[in-house]
Each structure stands twice: as structure tokens, then as C-alpha cells.
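File shown: input.tsv (TSV, C-alpha atoms).
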```tsv
chain	number	residue	atom	x	y	z
G	188	MET	CA	0.00	0.00	0.00
G	189	LEU	CA	2.80	2.37	0.91
G	190	LYS	CA	4.61	1.69	-2.39
G	191	ARG	CA	1.44	2.54	-4.30
G	192	LEU	CA	1.05	5.84	-2.45
G	193	LEU	CA	4.70	6.82	-2.91
G	194	GLY	CA	4.79	5.81	-6.58
G	195	LYS	CA	7.36	3.03	-6.13
G	196	GLN	CA	5.16	0.15	-7.29
G	197	PRO	CA	6.93	-1.91	-9.99
G	198	ILE	CA	5.97	-1.13	-13.58
G	199	GLU	CA	4.50	-4.03	-15.54
G	200	VAL	CA	5.72	-4.37	-19.14
G	201	TRP	CA	5.74	-6.77	-22.06
G	202	ALA	CA	9.28	-7.90	-22.89
G	203	ILE	CA	9.80	-8.08	-26.66
G	204	LYS	CA	12.98	-9.82	-27.75
G	205	GLN	CA	12.94	-8.90	-31.45
G	206	VAL	CA	10.77	-6.78	-33.74
G	207	ASP	CA	10.49	-7.95	-37.36
G	208	THR	CA	8.55	-6.36	-40.22
G	209	ASP	CA	5.14	-7.56	-39.03
G	210	LEU	CA	6.10	-9.95	-36.22
G	211	LEU	CA	6.88	-9.50	-32.52
G	212	HIS	CA	9.00	-12.09	-30.70
G	213	LEU	CA	7.32	-11.86	-27.29
G	214	CYS	CA	9.04	-13.17	-24.15
G	215	GLY	CA	6.15	-12.38	-21.83
G	216	ARG	CA	5.36	-10.11	-18.93
G	217	ALA	CA	7.98	-8.55	-16.73
G	218	THR	CA	8.34	-5.85	-14.09
G	219	LEU	CA	10.69	-2.91	-13.79
G	220	PRO	CA	11.59	-1.12	-10.56
G	221	ALA	CA	10.14	2.40	-10.35
G	222	ARG	CA	13.51	4.02	-9.57
G	223	PRO	CA	14.29	6.88	-9.38
G	224	SER	CA	10.57	7.51	-9.92
G	225	ARG	CA	7.69	5.91	-11.79
G	226	LYS	CA	7.39	8.95	-14.04
G	227	ALA	CA	11.10	8.83	-14.98
G	228	VAL	CA	10.97	5.13	-15.85
G	229	LEU	CA	7.82	5.56	-17.97
G	230	ALA	CA	9.49	8.46	-19.81
G	231	ALA	CA	12.59	6.31	-20.46
G	232	LEU	CA	10.37	3.51	-21.78
G	233	ALA	CA	8.54	5.93	-24.11
G	234	GLU	CA	11.89	7.07	-25.54
G	235	SER	CA	13.32	3.49	-25.71
G	236	ARG	CA	16.22	4.39	-23.46
G	237	TYR	CA	15.44	2.40	-20.30
G	238	GLU	CA	18.52	0.79	-18.75
G	239	GLY	CA	18.29	-1.48	-15.77
G	240	PRO	CA	16.96	-4.76	-14.44
G	241	VAL	CA	13.99	-6.56	-15.93
G	242	THR	CA	12.34	-9.16	-13.69
G	243	MET	CA	10.53	-11.75	-15.78
G	244	ALA	CA	7.12	-12.78	-14.42
G	245	THR	CA	7.70	-16.41	-15.39
G	246	GLY	CA	10.38	-17.79	-13.09
G	247	GLY	CA	11.45	-14.46	-11.61
G	248	VAL	CA	14.67	-14.31	-13.64
G	249	VAL	CA	16.32	-10.88	-13.57
G	250	LEU	CA	17.79	-9.84	-16.92
G	251	ASN	CA	19.41	-6.71	-18.32
G	252	ALA	CA	17.18	-4.44	-20.41
G	253	ARG	CA	19.71	-4.40	-23.28
G	254	LEU	CA	18.72	-8.01	-24.09
G	255	PHE	CA	15.34	-6.82	-25.37
G	256	ALA	CA	14.38	-4.85	-28.45
G	257	ALA	CA	11.46	-3.21	-26.65
G	258	LEU	CA	9.91	-3.02	-23.20
G	259	VAL	CA	6.29	-1.96	-23.61
G	260	PRO	CA	4.00	-0.94	-20.73
G	261	VAL	CA	1.22	-3.51	-20.35
G	262	ASP	CA	-1.50	-1.00	-21.24
G	263	ASP	CA	0.23	-0.05	-24.54
G	264	LEU	CA	0.13	-3.55	-26.08
G	265	GLN	CA	-3.17	-5.36	-26.49
G	266	LEU	CA	-3.24	-9.12	-27.07
G	267	LEU	CA	-5.71	-10.20	-29.76
G	268	PRO	CA	-7.02	-13.67	-30.59
G	269	ASP	CA	-5.22	-15.97	-33.05
G	270	GLY	CA	-1.70	-15.09	-31.92
G	271	GLN	CA	-1.82	-11.39	-32.74
G	272	ALA	CA	-1.34	-8.14	-30.86
G	273	ARG	CA	-2.08	-4.45	-31.39
G	274	TRP	CA	0.80	-2.08	-30.68
G	275	GLN	CA	1.71	1.37	-31.98
G	276	GLY	CA	-1.56	1.60	-33.91
G	277	ARG	CA	-1.11	-1.57	-35.97
G	278	ASP	CA	-1.61	-5.31	-35.72
G	279	TRP	CA	1.34	-7.68	-35.31
G	280	GLN	CA	1.73	-11.45	-35.53
G	281	LEU	CA	3.17	-12.94	-32.31
G	282	ALA	CA	5.82	-15.60	-31.78
G	283	GLN	CA	6.37	-16.90	-28.25
G	284	VAL	CA	10.03	-16.79	-27.20
G	285	PRO	CA	11.00	-19.75	-24.97
G	286	GLN	CA	13.07	-19.06	-21.87
G	287	ARG	CA	16.24	-20.56	-23.41
G	288	CYS	CA	16.22	-17.70	-25.98
G	289	TRP	CA	15.78	-14.83	-23.53
G	290	THR	CA	19.54	-14.32	-23.23
G	291	TYR	CA	20.37	-15.25	-26.84
G	292	GLN	CA	21.93	-12.25	-28.59
G	293	GLY	CA	21.56	-13.33	-32.21
G	294	ARG	CA	18.73	-13.27	-34.70
G	295	LEU	CA	15.57	-15.25	-34.00
G	296	VAL	CA	13.48	-17.16	-36.54
G	297	THR	CA	10.01	-18.61	-36.19
G	298	GLN	CA	8.67	-22.10	-36.55
G	299	PRO	CA	5.22	-23.60	-35.97
G	300	ASP	CA	4.49	-24.38	-32.34
G	301	PRO	CA	4.30	-28.18	-32.01
G	302	LEU	CA	2.07	-27.82	-28.95
G	303	GLY	CA	-0.05	-24.89	-30.09
G	304	GLY	CA	-3.01	-24.62	-32.38
G	305	ALA	CA	-3.12	-23.50	-35.98
G	306	GLY	CA	-1.11	-20.36	-36.60
G	307	ALA	CA	0.78	-20.50	-33.29
G	308	LEU	CA	4.47	-19.63	-33.68
G	309	VAL	CA	7.53	-20.19	-31.51
G	310	SER	CA	10.83	-18.37	-31.78
G	311	ALA	CA	14.12	-20.24	-32.13
G	312	GLU	CA	17.76	-19.33	-32.56
G	313	ASP	CA	18.81	-18.72	-36.17
G	314	VAL	CA	21.65	-21.20	-36.75
G	315	SER	CA	21.73	-20.93	-40.54
G	316	GLY	CA	25.10	-19.13	-40.45
G	317	ILE	CA	26.62	-21.91	-38.37
G	318	ARG	CA	25.09	-24.53	-40.68
G	319	ARG	CA	26.56	-22.81	-43.76
G	320	GLN	CA	29.99	-22.65	-42.12
G	321	VAL	CA	29.90	-26.36	-41.22
G	322	GLU	CA	28.76	-27.36	-44.70
G	323	LYS	CA	31.57	-25.29	-46.21
G	324	GLU	CA	34.26	-26.81	-43.97
G	325	ALA	CA	32.97	-30.39	-43.76
G	326	PRO	CA	34.62	-32.88	-46.10
G	327	HIS	CA	32.34	-33.99	-48.89
G	328	THR	CA	32.19	-37.68	-49.70
G	329	PRO	CA	32.69	-38.61	-53.34
G	330	GLY	CA	29.57	-40.11	-54.84
G	331	THR	CA	26.36	-41.06	-53.19
G	332	VAL	CA	25.62	-43.55	-50.46
G	333	VAL	CA	23.17	-46.30	-51.37
G	334	PHE	CA	21.55	-48.37	-48.66
G	335	ARG	CA	20.74	-51.97	-49.57
G	336	PRO	CA	19.26	-54.84	-47.63
G	337	GLU	CA	21.57	-57.42	-46.08
G	338	ASN	CA	23.13	-59.85	-48.62
G	339	ALA	CA	22.34	-57.52	-51.50
G	340	ASN	CA	25.94	-57.81	-52.75
G	341	GLU	CA	25.68	-61.54	-53.50
G	342	ASP	CA	25.20	-60.88	-57.19
G	343	HIS	CA	27.89	-58.21	-57.36
G	344	PRO	CA	30.61	-58.94	-59.99
G	345	LEU	CA	33.45	-58.31	-57.54
G	346	VAL	CA	32.15	-60.84	-55.02
G	347	ALA	CA	33.07	-64.45	-55.75
G	348	ASP	CA	30.38	-67.10	-55.97
G	349	ARG	CA	30.48	-69.95	-53.47
G	350	ASP	CA	31.33	-72.35	-56.28
G	351	ASP	CA	34.43	-70.29	-57.15
G	352	THR	CA	36.05	-70.57	-53.71
G	353	PRO	CA	39.18	-72.73	-53.53
G	354	THR	CA	38.73	-76.18	-51.96
G	355	SER	CA	42.39	-76.78	-51.04
G	356	GLY	CA	43.80	-75.78	-47.70
G	357	PRO	CA	42.94	-76.70	-44.13
G	358	ARG	CA	39.47	-77.93	-43.52
G	359	VAL	CA	37.66	-76.31	-40.64
G	360	LYS	CA	35.54	-78.73	-38.62
G	361	GLN	CA	32.58	-77.91	-36.50
G	362	GLY	CA	32.48	-78.70	-32.78
G	363	ARG	CA	35.14	-80.50	-30.67
G	364	GLU	CA	37.80	-82.60	-32.25
G	365	TRP	CA	40.48	-84.89	-30.79
G	366	ARG	CA	43.81	-83.68	-31.99
G	367	GLY	CA	45.87	-86.61	-30.77
G	368	ASP	CA	48.99	-84.59	-29.94
G	369	HIS	CA	48.88	-85.29	-26.21
G	370	ASP	CA	50.80	-88.59	-26.39
```

What is this file in C-alpha cells?
Amino acid sequence: MLKRLLGKQPIEVWAIKQVDTDLLHLCGRATLPARPSRKAVLAALAESRYEGPVTMATGGVVLNARLFAALVPVDDLQLLPDGQARWQGRDWQLAQVPQRCWTYQGRLVTQPDPLGGAGALVSAEDVSGIRRQVEKEAPHTPGTVVFRPENANEDHPLVADRDDTPTSGPRVKQGREWRGDHD
């Protein structure tokens, strides 16, 4: 009650990790301390120059504000049905950013949410640059690999037929055999 009267109640915001052309990568709700004053923090948010701690509502993790593209007061962003939001006078598609990506400092990409309904999107780390680098440096095998069932090489010209195997040489017997060299 005293914090509310003195203006020190935390400020609730939406934490946006990345802003694309018509897509917001939304981490979720968070709170900011109202220091030095609530009015000063709201002014810094309006000018996109807030610096300080961001306490995520899910899990209570405290992160640095520089990890986010935007911190939007809760009243300024309206969630709409079908994974959309209204912010800055226009509608945006939303992608949910999982907690593992909150501290990721690279580009995010979207993929369909395997647990969500139709149109639900999830953000993921963009690893295409790493993949290109690995493909460039990885040795390429000559030719193609063909998988065949077991014994598929029996008719191959380089494999000898059973009739072509030599019959001379030691004969291998099955089971136990008395060698007779113990006398």
C-alpha cells in the first residue's frame, strides 16, 4: 500500500525480444523497478532508453534491459485472438520466445508451435550461419551412399560365388575334435 502511495510500485511491461517487419518475438510479462521515480521510468520507456533490471514474471529471472528490443507498458500492447497483438496503432503477428532464448543475442526465426493450435508460432535461434559454415568446412564424400538390404551384394561382380572358392587348404571342422597330440 505504501509503495502505491509513494509511486514506487513496480511497472508491468511486455518484454519483446525482437521486432520484425510484421512480427513480434514476445518473451512475456515482466516488471521494472520504479527508480528513481515511476514517471522517470515511464518516460525512459517511451523514448526506448530504459537501462536497468527486468524481472521476468515467469520464473522471476532478472535480466538486463539491453537483451530486449522493446519493453512496452502492459497498457500499450493489447493481445488479440489468433496469436496477434495491437501495438503502436497496428496489428502484429506474435511468436512466443522460450526461456532458453531470452539471453540469446543473435537473430531469432520462427517455426510452428508443435504444442499450439493453428497459426501458433515459436521463436528459435537462427543457426543458418553456423550450418553454412559447417557445410563449407565439412569434407564432402565422393559419390552417393546407397543403402541396400543385407546380402544384397551376393550378385555383385566383384564378389566371388560360393562355387568359385578354392577347396584346397585346411578344412575347418565344427564342434570339438580330438587332436591326438597329447601322447

> Leaving out Trp289 (chain G) and any residue of its chain fewer than 4 positions from it, which residues lie within 8 Å of it when counting only C-alpha atoms, given as a VMD selection string?
Replying inline: chain G and resid 204 214 254 284 to 285

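Minimum atom-to-atom distance to Leu267 (chain G), evaluated using only C-alpha atoms, belongs to G:Leu281 out of G:Leu281, G:Leu210, G:Ala231, G:Val249.
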
> Looking at G:Gln205, G:Gln298, G:Pro240, G:Glu199, which one is nearest to Asp262 (chain G), with distances taken over only C-alpha atoms?
Replying inline: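 So, comparing all the options, the nearest one is G:Glu199.
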
Can you spit out region 322-336 of chain G with all heavy atoms, as a short mmCIF file (atom, residue, chain, number, x, y, z; two decimals), in the first residue's frame, from the structure just given?
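Wrote selection-v9.cif, looks like this:
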```cif
data_model
loop_
_atom_site.label_atom_id
_atom_site.label_comp_id
_atom_site.auth_asym_id
_atom_site.auth_seq_id
_atom_site.Cartn_x
_atom_site.Cartn_y
_atom_site.Cartn_z
N GLU G 322 28.87 -26.74 -43.38
CA GLU G 322 28.76 -27.36 -44.70
C GLU G 322 29.94 -26.97 -45.59
O GLU G 322 30.41 -27.77 -46.39
CB GLU G 322 27.44 -26.98 -45.37
CG GLU G 322 26.25 -27.65 -44.74
CD GLU G 322 24.93 -27.14 -45.28
OE1 GLU G 322 24.92 -26.16 -46.07
OE2 GLU G 322 23.89 -27.71 -44.90
N LYS G 323 30.44 -25.75 -45.42
CA LYS G 323 31.57 -25.29 -46.21
C LYS G 323 32.86 -26.00 -45.79
O LYS G 323 33.69 -26.35 -46.62
CB LYS G 323 31.72 -23.77 -46.05
CG LYS G 323 32.78 -23.17 -46.94
CD LYS G 323 32.75 -21.66 -46.90
CE LYS G 323 33.30 -21.17 -45.58
NZ LYS G 323 33.47 -19.72 -45.53
N GLU G 324 33.03 -26.23 -44.49
CA GLU G 324 34.26 -26.81 -43.97
C GLU G 324 34.23 -28.33 -43.90
O GLU G 324 35.28 -28.96 -43.83
CB GLU G 324 34.56 -26.25 -42.58
CG GLU G 324 34.90 -24.77 -42.61
CD GLU G 324 35.12 -24.20 -41.22
OE1 GLU G 324 35.06 -24.97 -40.24
OE2 GLU G 324 35.34 -23.00 -41.11
N ALA G 325 33.06 -28.93 -43.89
CA ALA G 325 32.97 -30.39 -43.76
C ALA G 325 33.44 -31.07 -45.04
O ALA G 325 33.16 -30.61 -46.14
CB ALA G 325 31.53 -30.80 -43.47
N PRO G 326 34.18 -32.17 -44.89
CA PRO G 326 34.62 -32.88 -46.10
C PRO G 326 33.42 -33.52 -46.81
O PRO G 326 32.53 -34.06 -46.16
CB PRO G 326 35.58 -33.95 -45.56
CG PRO G 326 35.19 -34.13 -44.14
CD PRO G 326 34.64 -32.82 -43.68
N HIS G 327 33.43 -33.42 -48.11
CA HIS G 327 32.34 -33.99 -48.89
C HIS G 327 32.76 -35.36 -49.38
O HIS G 327 33.86 -35.56 -49.87
CB HIS G 327 32.00 -33.10 -50.09
CG HIS G 327 31.45 -31.77 -49.68
ND1 HIS G 327 30.16 -31.59 -49.27
CD2 HIS G 327 32.04 -30.55 -49.58
CE1 HIS G 327 29.97 -30.32 -48.96
NE2 HIS G 327 31.10 -29.67 -49.14
N THR G 328 31.88 -36.32 -49.25
CA THR G 328 32.19 -37.68 -49.70
C THR G 328 31.98 -37.77 -51.20
O THR G 328 31.03 -37.19 -51.74
CB THR G 328 31.28 -38.69 -49.01
OG1 THR G 328 29.92 -38.35 -49.28
CG2 THR G 328 31.50 -38.70 -47.50
N PRO G 329 32.88 -38.47 -51.89
CA PRO G 329 32.69 -38.61 -53.34
C PRO G 329 31.56 -39.59 -53.62
O PRO G 329 31.51 -40.66 -53.05
CB PRO G 329 34.03 -39.15 -53.82
CG PRO G 329 34.62 -39.82 -52.62
CD PRO G 329 34.09 -39.10 -51.42
N GLY G 330 30.67 -39.22 -54.46
CA GLY G 330 29.57 -40.11 -54.84
C GLY G 330 28.43 -40.06 -53.85
O GLY G 330 28.38 -39.24 -52.95
N THR G 331 27.53 -40.99 -54.05
CA THR G 331 26.36 -41.06 -53.19
C THR G 331 26.37 -42.37 -52.41
O THR G 331 26.96 -43.35 -52.84
CB THR G 331 25.06 -40.98 -54.01
OG1 THR G 331 25.05 -42.06 -54.94
CG2 THR G 331 24.96 -39.65 -54.74
N VAL G 332 25.73 -42.37 -51.29
CA VAL G 332 25.62 -43.55 -50.46
C VAL G 332 24.30 -44.23 -50.79
O VAL G 332 23.25 -43.59 -50.83
CB VAL G 332 25.66 -43.18 -48.96
CG1 VAL G 332 25.48 -44.39 -48.10
CG2 VAL G 332 26.96 -42.47 -48.64
N VAL G 333 24.37 -45.54 -51.05
CA VAL G 333 23.17 -46.30 -51.37
C VAL G 333 22.99 -47.36 -50.29
O VAL G 333 23.91 -48.13 -50.01
CB VAL G 333 23.29 -46.98 -52.76
CG1 VAL G 333 22.05 -47.79 -53.06
CG2 VAL G 333 23.54 -45.93 -53.83
N PHE G 334 21.84 -47.38 -49.68
CA PHE G 334 21.55 -48.37 -48.66
C PHE G 334 20.82 -49.54 -49.30
O PHE G 334 19.86 -49.37 -50.04
CB PHE G 334 20.69 -47.74 -47.55
CG PHE G 334 21.43 -46.70 -46.78
CD1 PHE G 334 21.31 -45.36 -47.09
CD2 PHE G 334 22.29 -47.06 -45.76
CE1 PHE G 334 22.00 -44.39 -46.39
CE2 PHE G 334 22.98 -46.11 -45.04
CZ PHE G 334 22.84 -44.77 -45.36
N ARG G 335 21.33 -50.75 -49.02
CA ARG G 335 20.74 -51.97 -49.57
C ARG G 335 20.42 -52.92 -48.42
O ARG G 335 21.04 -52.86 -47.37
CB ARG G 335 21.73 -52.65 -50.51
CG ARG G 335 22.01 -51.86 -51.76
CD ARG G 335 22.94 -52.63 -52.68
NE ARG G 335 24.30 -52.68 -52.17
CZ ARG G 335 25.24 -51.80 -52.46
NH1 ARG G 335 24.96 -50.81 -53.26
NH2 ARG G 335 26.44 -51.90 -51.98
N PRO G 336 19.54 -53.84 -48.66
CA PRO G 336 19.26 -54.84 -47.63
C PRO G 336 20.46 -55.78 -47.45
O PRO G 336 21.34 -55.85 -48.31
CB PRO G 336 18.04 -55.59 -48.15
CG PRO G 336 18.01 -55.31 -49.60
CD PRO G 336 18.68 -53.99 -49.82
#
```
